[in-house]
$ cat final39.pdb   # PDB, C-alpha atoms and all ligand atoms
ATOM      1  CA  MET A  12      30.341  73.967 -95.179
ATOM      2  CA  ALA A  13      33.130  72.593 -93.059
ATOM      3  CA  ILE A  14      33.694  69.953 -90.446
ATOM      4  CA  ARG A  15      35.057  71.503 -87.259
ATOM      5  CA  ASP A  16      36.964  69.974 -84.361
ATOM      6  CA  ILE A  17      34.857  68.922 -81.380
ATOM      7  CA  LEU A  18      36.165  69.953 -77.944
ATOM      8  CA  ILE A  19      36.774  67.050 -75.560
ATOM      9  CA  VAL A  20      36.752  67.010 -71.733
ATOM     10  CA  PRO A  21      38.449  68.385 -69.718
ATOM     11  CA  ASP A  22      38.644  71.370 -72.109
ATOM     12  CA  PRO A  23      37.753  74.397 -69.942
ATOM     13  CA  ARG A  24      35.840  76.038 -72.808
ATOM     14  CA  LEU A  25      33.105  73.427 -72.340
ATOM     15  CA  LYS A  26      32.399  75.016 -68.933
ATOM     16  CA  GLN A  27      31.600  78.431 -70.402
ATOM     17  CA  VAL A  28      28.093  79.832 -70.304
ATOM     18  CA  SER A  29      27.160  80.616 -73.911
ATOM     19  CA  ARG A  30      25.715  84.034 -74.788
ATOM     20  CA  PRO A  31      22.486  84.674 -76.681
ATOM     21  CA  VAL A  32      22.387  85.619 -80.334
ATOM     22  CA  GLU A  33      21.559  89.330 -80.273
ATOM     23  CA  GLY A  34      19.410  90.746 -83.033
ATOM     24  CA  PRO A  35      18.269  88.799 -86.066
ATOM     25  CA  VAL A  36      19.510  85.385 -87.166
ATOM     26  CA  THR A  37      21.940  86.186 -89.992
ATOM     27  CA  ASP A  38      23.628  84.307 -92.811
ATOM     28  CA  GLU A  39      26.694  84.061 -90.564
ATOM     29  CA  HIS A  40      24.647  82.240 -87.932
ATOM     30  CA  ARG A  41      23.219  79.996 -90.660
ATOM     31  CA  ALA A  42      26.751  79.235 -91.933
ATOM     32  CA  LEU A  43      27.713  78.282 -88.365
ATOM     33  CA  MET A  44      24.625  76.048 -88.078
ATOM     34  CA  ASP A  45      25.505  74.390 -91.416
ATOM     35  CA  ASP A  46      29.015  73.623 -90.124
ATOM     36  CA  MET A  47      27.605  72.345 -86.841
ATOM     37  CA  LEU A  48      25.194  70.016 -88.634
ATOM     38  CA  GLU A  49      27.906  68.679 -90.923
ATOM     39  CA  THR A  50      30.220  68.142 -87.935
ATOM     40  CA  MET A  51      27.416  66.369 -86.039
ATOM     41  CA  TYR A  52      26.558  64.060 -88.959
ATOM     42  CA  GLU A  53      30.205  63.193 -89.468
ATOM     43  CA  ALA A  54      30.835  62.366 -85.802
ATOM     44  CA  PRO A  55      28.106  60.883 -85.858
ATOM     45  CA  GLY A  56      25.810  62.322 -83.208
ATOM     46  CA  ILE A  57      22.170  63.334 -82.770
ATOM     47  CA  GLY A  58      22.770  66.830 -81.373
ATOM     48  CA  LEU A  59      25.481  69.469 -81.082
ATOM     49  CA  ALA A  60      25.804  72.742 -79.184
ATOM     50  CA  ALA A  61      27.937  75.544 -80.673
ATOM     51  CA  ILE A  62      30.287  75.532 -77.679
ATOM     52  CA  GLN A  63      31.283  71.966 -78.613
ATOM     53  CA  ILE A  64      33.068  73.481 -81.614
ATOM     54  CA  GLY A  65      34.361  76.364 -79.483
ATOM     55  CA  VAL A  66      31.711  78.989 -80.305
ATOM     56  CA  PRO A  67      30.056  80.289 -77.109
ATOM     57  CA  LEU A  68      26.660  81.148 -78.657
ATOM     58  CA  ARG A  69      23.251  79.769 -77.669
ATOM     59  CA  ILE A  70      22.806  77.688 -80.823
ATOM     60  CA  ILE A  71      21.977  73.970 -81.097
ATOM     61  CA  VAL A  72      21.526  71.631 -84.039
ATOM     62  CA  MET A  73      19.858  68.244 -83.850
ATOM     63  CA  ASP A  74      18.783  65.310 -85.983
ATOM     64  CA  LEU A  75      17.359  62.410 -84.028
ATOM     65  CA  GLN A  76      17.755  60.200 -87.160
ATOM     66  CA  GLU A  77      14.732  58.125 -86.206
ATOM     67  CA  ASN A  78      14.009  56.824 -89.687
ATOM     68  CA  ASP A  79      16.339  56.948 -92.661
ATOM     69  CA  GLU A  80      15.371  60.461 -93.721
ATOM     70  CA  LYS A  81      17.297  63.501 -92.615
ATOM     71  CA  ASN A  82      15.391  65.763 -90.276
ATOM     72  CA  PRO A  83      17.744  68.576 -89.253
ATOM     73  CA  ARG A  84      16.520  70.922 -86.532
ATOM     74  CA  TYR A  85      18.034  74.247 -85.531
ATOM     75  CA  PHE A  86      17.560  76.082 -82.245
ATOM     76  CA  VAL A  87      18.691  79.648 -81.636
ATOM     77  CA  ASN A  88      18.332  81.074 -78.106
ATOM     78  CA  PRO A  89      16.309  78.063 -76.921
ATOM     79  CA  GLU A  90      14.501  78.240 -73.599
ATOM     80  CA  ILE A  91      12.751  75.463 -71.744
ATOM     81  CA  ILE A  92       9.544  77.103 -70.585
ATOM     82  CA  ASP A  93       7.919  74.096 -68.949
ATOM     83  CA  THR A  94       8.833  70.605 -67.752
ATOM     84  CA  ILE A  95       6.643  67.852 -66.316
ATOM     85  CA  GLU A  96       7.453  66.322 -62.951
ATOM     86  CA  ASP A  97       7.804  62.769 -64.261
ATOM     87  CA  THR A  98      11.405  61.865 -64.930
ATOM     88  CA  GLN A  99      12.876  59.164 -67.110
ATOM     89  CA  PRO A 100      16.321  57.549 -67.050
ATOM     90  CA  TYR A 101      18.251  57.234 -70.294
ATOM     91  CA  GLU A 102      21.740  56.025 -71.113
ATOM     92  CA  GLU A 103      23.359  59.200 -72.441
ATOM     93  CA  GLY A 104      26.540  59.839 -74.334
ATOM     94  CA  CYS A 105      28.242  63.022 -75.508
ATOM     95  CA  LEU A 106      30.586  63.797 -78.386
ATOM     96  CA  SER A 107      32.673  65.824 -75.917
ATOM     97  CA  VAL A 108      32.977  62.790 -73.592
ATOM     98  CA  PRO A 109      33.687  60.091 -76.188
ATOM     99  CA  ASP A 110      32.847  56.418 -75.533
ATOM    100  CA  ILE A 111      31.291  57.022 -72.111
ATOM    101  CA  PHE A 112      27.652  56.065 -71.566
ATOM    102  CA  GLU A 113      25.845  56.541 -68.269
ATOM    103  CA  GLU A 114      22.271  56.761 -67.148
ATOM    104  CA  VAL A 115      20.896  60.257 -66.511
ATOM    105  CA  GLU A 116      17.461  61.053 -65.109
ATOM    106  CA  ARG A 117      15.641  64.050 -66.623
ATOM    107  CA  PRO A 118      12.075  65.357 -66.917
ATOM    108  CA  ALA A 119      10.261  63.160 -69.453
ATOM    109  CA  GLU A 120       8.622  66.046 -71.329
ATOM    110  CA  CYS A 121       9.236  69.730 -71.755
ATOM    111  CA  THR A 122       8.202  72.685 -73.874
ATOM    112  CA  VAL A 123      10.915  74.565 -75.714
ATOM    113  CA  ARG A 124      10.767  78.035 -77.241
ATOM    114  CA  TYR A 125      13.402  79.102 -79.772
ATOM    115  CA  LEU A 126      14.160  80.813 -83.066
ATOM    116  CA  ASP A 127      14.481  78.512 -86.072
ATOM    117  CA  TYR A 128      16.965  78.595 -88.990
ATOM    118  CA  GLN A 129      15.081  81.544 -90.515
ATOM    119  CA  GLY A 130      14.866  83.365 -87.180
ATOM    120  CA  GLU A 131      11.151  82.643 -86.758
ATOM    121  CA  PRO A 132       9.916  82.038 -83.204
ATOM    122  CA  VAL A 133       8.688  78.510 -82.493
ATOM    123  CA  GLU A 134       7.206  76.841 -79.436
ATOM    124  CA  GLU A 135       7.267  73.064 -79.388
ATOM    125  CA  ARG A 136       6.467  70.208 -77.054
ATOM    126  CA  ALA A 137       9.291  67.683 -76.651
ATOM    127  CA  GLU A 138       8.989  64.110 -75.423
ATOM    128  CA  ASP A 139      10.956  60.860 -75.635
ATOM    129  CA  LEU A 140      14.417  61.197 -77.217
ATOM    130  CA  PHE A 141      13.700  64.775 -78.330
ATOM    131  CA  ALA A 142      13.092  65.825 -74.710
ATOM    132  CA  ILE A 143      16.266  64.089 -73.562
ATOM    133  CA  CYS A 144      18.404  65.550 -76.331
ATOM    134  CA  ILE A 145      17.158  69.144 -76.039
ATOM    135  CA  GLN A 146      17.799  69.094 -72.282
ATOM    136  CA  HIS A 147      21.286  67.599 -72.837
ATOM    137  CA  GLU A 148      22.038  70.362 -75.375
ATOM    138  CA  MET A 149      20.566  73.123 -73.193
ATOM    139  CA  ASP A 150      22.930  71.943 -70.447
ATOM    140  CA  HIS A 151      25.883  72.583 -72.789
ATOM    141  CA  LEU A 152      24.745  76.224 -73.109
ATOM    142  CA  GLU A 153      25.164  76.515 -69.329
ATOM    143  CA  GLY A 154      28.553  74.797 -69.318
ATOM    144  CA  THR A 155      27.110  71.567 -67.931
ATOM    145  CA  LEU A 156      27.921  68.095 -69.282
ATOM    146  CA  PHE A 157      25.878  64.941 -68.725
ATOM    147  CA  ILE A 158      28.651  63.597 -66.495
ATOM    148  CA  ASP A 159      27.985  66.545 -64.150
ATOM    149  CA  HIS A 160      24.724  64.756 -63.294
ATOM    150  CA  LEU A 161      26.675  61.701 -62.034
ATOM    151  CA  SER A 162      28.349  61.101 -58.680
ATOM    152  CA  ARG A 163      31.772  62.690 -58.289
ATOM    153  CA  LEU A 164      33.404  59.266 -58.445
ATOM    154  CA  LYS A 165      31.658  58.293 -61.689
ATOM    155  CA  ARG A 166      32.403  61.693 -63.215
ATOM    156  CA  GLN A 167      36.116  61.499 -62.351
ATOM    157  CA  ARG A 168      36.285  57.940 -63.697
ATOM    158  CA  ALA A 169      34.717  59.091 -66.958
ATOM    159  CA  ILE A 170      37.201  61.961 -67.342
ATOM    160  CA  ASP A 171      40.124  59.659 -66.511
ATOM    161  CA  LYS A 172      38.932  57.161 -69.137
ATOM    162  CA  VAL A 173      38.690  59.853 -71.819
ATOM    163  CA  ARG A 174      42.176  61.151 -70.904
ATOM    164  CA  LYS A 175      43.631  57.650 -71.043
ATOM    165  CA  ALA A 176      42.044  56.936 -74.429
ATOM    166  CA  LYS A 177      43.465  60.210 -75.747
ATOM    167  CA  ARG A 178      46.969  59.275 -74.484
ATOM    168  CA  LEU A 179      46.767  55.836 -76.092
ATOM    169  CA  LYS A 180      45.613  57.346 -79.378
ATOM    170  CA  ALA A 181      48.491  59.854 -79.346
ATOM    171  CA  ALA A 182      50.990  57.073 -78.556
ATOM    172  CA  ASN A 183      49.684  54.879 -81.396
ATOM    173  CA  ALA A 184      49.880  57.767 -83.828
ATOM    174  CA  ALA A 185      53.527  58.416 -82.929
TER     175      ALA A 185
HETATM  176  O1  LIG A 201      25.029  61.980 -80.120
HETATM  177  C1  LIG A 201      24.573  62.108 -78.974
HETATM  178  N1  LIG A 201      23.822  61.116 -78.457
HETATM  179  C2  LIG A 201      23.106  61.261 -77.272
HETATM  180  C3  LIG A 201      22.586  60.110 -76.682
HETATM  181  C4  LIG A 201      21.855  60.193 -75.531
HETATM  182  C5  LIG A 201      21.612  61.410 -74.953
HETATM  183  C6  LIG A 201      22.135  62.562 -75.509
HETATM  184  C7  LIG A 201      22.866  62.490 -76.674
HETATM  185  S1  LIG A 201      23.488  63.946 -77.379
HETATM  186  C8  LIG A 201      24.907  63.304 -78.181
HETATM  187  C9  LIG A 201      25.592  64.377 -78.996
HETATM  188  C10 LIG A 201      26.116  65.456 -78.075
HETATM  189  O2  LIG A 201      27.092  65.341 -77.383
HETATM  190  N2  LIG A 201      25.410  66.549 -77.991
HETATM  191  O3  LIG A 201      25.786  67.533 -77.140
HETATM  192 NI    NI A 202      26.814  66.551 -75.527
END
$ encode --input "final39.pdb" --output "structure tokens"
Amino acid sequence: MAIRDILIVPDPRLKQVSRPVEGPVTDEHRALMDDMLETMYEAPGIGLAAIQIGVPLRIIVMDLQENDEKNPRYFVNPEIIDTIEDTQPYEEGCLSVPDIFEEVERPAECTVRYLDYQGEPVEERAEDLFAICIQHEMDHLEGTLFIDHLSRLKRQRAIDKVRKAKRLKAANAA
């Protein structure tokens, strides 16, 4: 397993639409998922899409870390097959938009269909933080970031802040 670098805005690769895993889920896909999970835990974060480490495949890992136990989840080729009309606001963040937190409104519940770590098909109802996180991650697969749900002004401010922080960090390191 290895910790990989996480892409940060405005990296154009984050705008790519990721492609489905064709054929069975292989050991190579599982090795990628292991690296993704390790990278996510180290960050730390509660979810990670493959494109965030530069791999444009429709693969997501997640651990909502709700109690102290580890509960890793893996999603290959996930699809949201149903959402309820009720929406809920939540203050979101993203490892690719570090230190920015803004409220995003999303459907409060959804049903997700995917292949698990072993390649078995699963259908699952998501609510609360799980619903928020899976929708945030599914957005990454389409090249969409949570800041794309904000006004243009707020989005530009967020990107400017991340750029500035990066500059300051580089200057301090020098
Ligand atoms: O770690 C993360 N926390 C988070 C908080 C609120 C809503 C979504 C998330 S996902 C984020 C990790 C990440 O960037 N996944 O793509
Ligand atoms: Ni994210």
$ closest_atom_pairs --input "final39.pdb" --of "chain A" --to "ligand NI 202 (chain A)" --cutoff "6 Å" --atoms "only C-alpha atoms and all ligand atoms" --output "JSON lines"
{"residue": "A:Cys105", "atom": "CA", "partner": "A:NI202", "partner_atom": "NI", "distance": 3.8}
{"residue": "A:Leu106", "atom": "CA", "partner": "A:NI202", "partner_atom": "NI", "distance": 5.5}
{"residue": "A:Ser107", "atom": "CA", "partner": "A:NI202", "partner_atom": "NI", "distance": 5.9}
$ residues_around --input "final39.pdb" --residues "region 58-74 of chain A" --least-positions-apart "3" --cutoff "6 Å" --atoms "all atoms listed in the file" --output "NGL selection string"
:A and (16-18 or 29-31 or 82-88 or 148 or 152)
$ resolve_selection --input "final39.pdb" --expression "the PyMOL selection byres (((chain A and resi 37-44) around 9) and not hetatm)" --output "PDB file with C-alpha atoms, keeping the file's coordinate frame"
ATOM      1  CA  MET A  12      30.341  73.967 -95.179  1.00  0.00           C
ATOM      2  CA  VAL A  32      22.387  85.619 -80.334  1.00  0.00           C
ATOM      3  CA  GLY A  34      19.410  90.746 -83.033  1.00  0.00           C
ATOM      4  CA  PRO A  35      18.269  88.799 -86.066  1.00  0.00           C
ATOM      5  CA  VAL A  36      19.510  85.385 -87.166  1.00  0.00           C
ATOM      6  CA  ASP A  45      25.505  74.390 -91.416  1.00  0.00           C
ATOM      7  CA  ASP A  46      29.015  73.623 -90.124  1.00  0.00           C
ATOM      8  CA  MET A  47      27.605  72.345 -86.841  1.00  0.00           C
ATOM      9  CA  LEU A  48      25.194  70.016 -88.634  1.00  0.00           C
ATOM     10  CA  GLU A  49      27.906  68.679 -90.923  1.00  0.00           C
ATOM     11  CA  ALA A  61      27.937  75.544 -80.673  1.00  0.00           C
ATOM     12  CA  ILE A  70      22.806  77.688 -80.823  1.00  0.00           C
ATOM     13  CA  ILE A  71      21.977  73.970 -81.097  1.00  0.00           C
ATOM     14  CA  VAL A  72      21.526  71.631 -84.039  1.00  0.00           C
ATOM     15  CA  TYR A  85      18.034  74.247 -85.531  1.00  0.00           C
ATOM     16  CA  TYR A 128      16.965  78.595 -88.990  1.00  0.00           C
ATOM     17  CA  GLN A 129      15.081  81.544 -90.515  1.00  0.00           C
ATOM     18  CA  GLY A 130      14.866  83.365 -87.180  1.00  0.00           C
TER      19      GLY A 130
END
$ atom_distance --input "final39.pdb" --atom1 "atom C3 of ligand LIG 201 (chain A)" --atom2 "CA of Val123 (chain A)"
18.6 Å
$ closest_residue --input "final39.pdb" --among "A:Arg117, A:His147, A:Lys81, A:Lys26" --to "ligand LIG 201 (chain A)" --atoms "all atoms listed in the file"
A:His147
$ residues_near_point --input "final39.pdb" --point "(28.5, 59.0, -70.7)" --cutoff "8 Å" --atoms "only C-alpha atoms" --output "ChimeraX atom specification"
/A:102-105,108-114,157-158,169
